[in-house]
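Visitor: Here you go, one structure.
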Amino acid sequence: MARSALTREDVLDTAARLVVQHGPQHLTMRKLAAELGTAVTSIYWHVGNRESLLDALVERTVREMGALTPRGRTPVERVVSVARALRRELRARPHLIAMVHERGLTERMFLPAQRALVHEVHAAGLRGARAAQAVRAVQFQVVGHVLVERNRERSPVQSPAESDLWSAGRAETLWSSDHTEHDPALARALARPADPERLFVLSVRALAGALLEGAGSGGGSPADRAEQ
């Protein structure tokens, strides 16, 4: 890239890519300049020092996390779409999200998603404390699921693995040892690798369905309505 064509957004784009790939601890001004094919002084001119650069990346991440557009015909479908988009964004940039958290901006980062969820639970008829609980329940479900996914991905190789524990021979032992109902189809399913995306959608859809059930018939309990 020619130095004369360099812009602040070019610097931020490349810096974000390096952080996503290697983590913020490996982001140096010299490495960034080499990636951009320019001098370190040019980087300083566009974004300031390294701390200013990291601050700018955090602010941009917070802004980008706000671009969540609900999709679907029903409130449950639209809540699920917001949850899926939020999970996707959190999964795509773990290092940048960690930087946001370290700078105390996590709540502001989640605000756009919360507002989108508020709109959907209001559309479903929820108000007051019941609406707030629904919004937080979905948000916590998303964050918890992402943390579990990352923990499973970073955990050491398991021996025996889940597939081994539910293999045909071991499953037969389980049925007889604790008097569990014989269910070969369940054993075969548990022996296969989990599908995180499918499990996520299943859990959020069930959660949203339960939270919004009967929401249009009065907007909650008397206590809920008293807090509106």
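Chain labels follow the order of the structure tokens: the first chain is A, the next B, and so on; residue numbering restarts at 1 in every chain, and ligands are counted from 1 in their shown order.
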Got a sec: who's within 12 Å of stretch 42-54 of chain A, counting only C-alpha atoms, leaving out chain neighbours fewer than 4 positions off, as a ChimeraX atom specification?

Guide: /A:2-16,18-19,23-38,58-61,95-100,102-103

Visitor: Could you jot down the atom CA of A:Leu165 to atom CA of A:Arg198 separation for me, Å, one decimal place?

Guide: 22.0 Å

Visitor: Pick out the closest residue to A:Thr74 from this set: A:Ala124, A:Val20, A:Ala161, A:Leu202. Count only C-alpha atoms.

Guide: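 Closest to A:Thr74 of all the choices is A:Ala124.
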
Visitor: Neighbours of stretch 84-86 of chain A within 7 Å (only C-alpha atoms; same-chain residues fewer than 4 positions away dropped), as a PDB file with N, CA, C and O atoms, in the first residue's frame?

Guide:
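Below is the file part03.pdb, written as the result:
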```pdb
ATOM      1  N   LEU A  68     -26.929  -4.512  14.869  1.00  0.00           N
ATOM      2  CA  LEU A  68     -27.700  -5.751  14.946  1.00  0.00           C
ATOM      3  C   LEU A  68     -29.114  -5.483  14.453  1.00  0.00           C
ATOM      4  O   LEU A  68     -29.830  -4.671  15.046  1.00  0.00           O
ATOM      5  N   VAL A  80     -34.479 -14.533  18.509  1.00  0.00           N
ATOM      6  CA  VAL A  80     -33.464 -15.519  18.144  1.00  0.00           C
ATOM      7  C   VAL A  80     -32.471 -14.918  17.156  1.00  0.00           C
ATOM      8  O   VAL A  80     -31.260 -15.145  17.257  1.00  0.00           O
ATOM      9  N   LEU A  90     -19.544 -11.861  18.884  1.00  0.00           N
ATOM     10  CA  LEU A  90     -18.671 -12.198  20.013  1.00  0.00           C
ATOM     11  C   LEU A  90     -17.671 -13.277  19.628  1.00  0.00           C
ATOM     12  O   LEU A  90     -16.509 -13.238  20.044  1.00  0.00           O
TER      13      LEU A  90
END
```

Visitor: Taking only C-alpha atoms into account, name the residue in A:His182, A:Ser159, A:Arg87, A:Leu117 that is nearest to A:Leu147.

Guide: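 Going through A:His182, A:Ser159, A:Arg87, A:Leu117 one by one, the smallest distance to A:Leu147 is for A:Arg87.
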
Visitor: Show which residues sit within 10 Å of A:Glu213, as a PyMOL selection string. Count only C-alpha atoms, and ignore same-chain residues fewer than 2 positions away.

Guide: chain A and resi 76+124-126+207-211+215-217

Visitor: Tell me, as a VMD selection string, which residues lie within 6 Å of A:Ser163, counting only C-alpha atoms; anything in the same chain fewer than 3 positions away does not count.

Guide: chain A and resid 166 to 167 191

Visitor: Could you turn the residues from that selection into a file that holds all heavy atoms, as a CSV table (one decimal), in the first residue's frame?

Guide:
```csv
chain,number,residue,atom,x,y,z
A,166,TRP,N,-20.1,-42.7,25.1
A,166,TRP,CA,-21.4,-43.1,24.6
A,166,TRP,C,-21.3,-44.1,23.5
A,166,TRP,O,-22.3,-44.3,22.7
A,166,TRP,CB,-22.3,-41.9,24.3
A,166,TRP,CG,-22.7,-41.2,25.5
A,166,TRP,CD1,-22.1,-40.1,26.0
A,166,TRP,CD2,-23.8,-41.5,26.3
A,166,TRP,NE1,-22.8,-39.7,27.1
A,166,TRP,CE2,-23.9,-40.5,27.3
A,166,TRP,CE3,-24.8,-42.5,26.3
A,166,TRP,CZ2,-24.8,-40.5,28.3
A,166,TRP,CZ3,-25.8,-42.5,27.3
A,166,TRP,CH2,-25.8,-41.6,28.3
A,167,SER,N,-20.2,-44.8,23.3
A,167,SER,CA,-20.1,-45.8,22.2
A,167,SER,C,-21.0,-46.9,22.6
A,167,SER,O,-21.4,-47.1,23.7
A,167,SER,CB,-18.6,-46.2,22.1
A,167,SER,OG,-18.2,-46.9,23.3
A,191,ALA,N,-22.9,-39.7,20.9
A,191,ALA,CA,-21.5,-40.1,20.5
A,191,ALA,C,-21.0,-39.3,19.3
A,191,ALA,O,-19.9,-39.3,19.0
A,191,ALA,CB,-21.6,-41.6,20.1
```

Visitor: Return the single residue from A:Arg154, A:Pro193, A:Gly214, A:Ser81 that is closest to A:Arg130, with distances computed using only C-alpha atoms.

Guide: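 Distance minimum relative to A:Arg130 lands on A:Gly214.
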
Visitor: Find, counting only C-alpha atoms, the residue in A:Ala132, A:Ala185, A:Val40, A:Leu190 that gets nearest to A:Glu162.

Guide: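 Distance minimum relative to A:Glu162 lands on A:Leu190.
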
Visitor: Report, in Å to a single decimal, how far apart atom CA of A:His119 and atom CA of A:Arg150 are.

Guide: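 It comes out at 29.5 Å.
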
Visitor: How far is it from atom CA of A:Val82 to atom CA of A:Pro70, in Å with one decimal?

Guide: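 Separating atom CA of A:Val82 from atom CA of A:Pro70 is a distance of 5.4 Å.
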
Visitor: For the helix (DSSP H, G or I) assignment from backbone DSSP, which residues of chain A qualify? Please present them as number ranges by chain.

Guide: A: 3-5, 8-22, 24-26, 29-36, 40-47, 50-64, 75-92, 94-102, 106-123, 128-154, 162-165, 168-177, 184-191, 196-212, 222-226

Visitor: Check the smallest atom-to-atom distance from each of A:Glu107, A:Glu120, A:Glu89, A:Asp55 to A:Pro75 using only C-alpha atoms, then report the winner.

Guide: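 Of A:Glu107, A:Glu120, A:Glu89, A:Asp55, the one nearest A:Pro75, counting only C-alpha atoms, is A:Glu120.
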
Visitor: Hey, which of A:Ala116, A:Ala92, A:Arg73, A:Ala56 ends up closest to A:Gln21? Count only C-alpha atoms.

Guide: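 Smallest separation from A:Gln21 among the options: A:Ala92.
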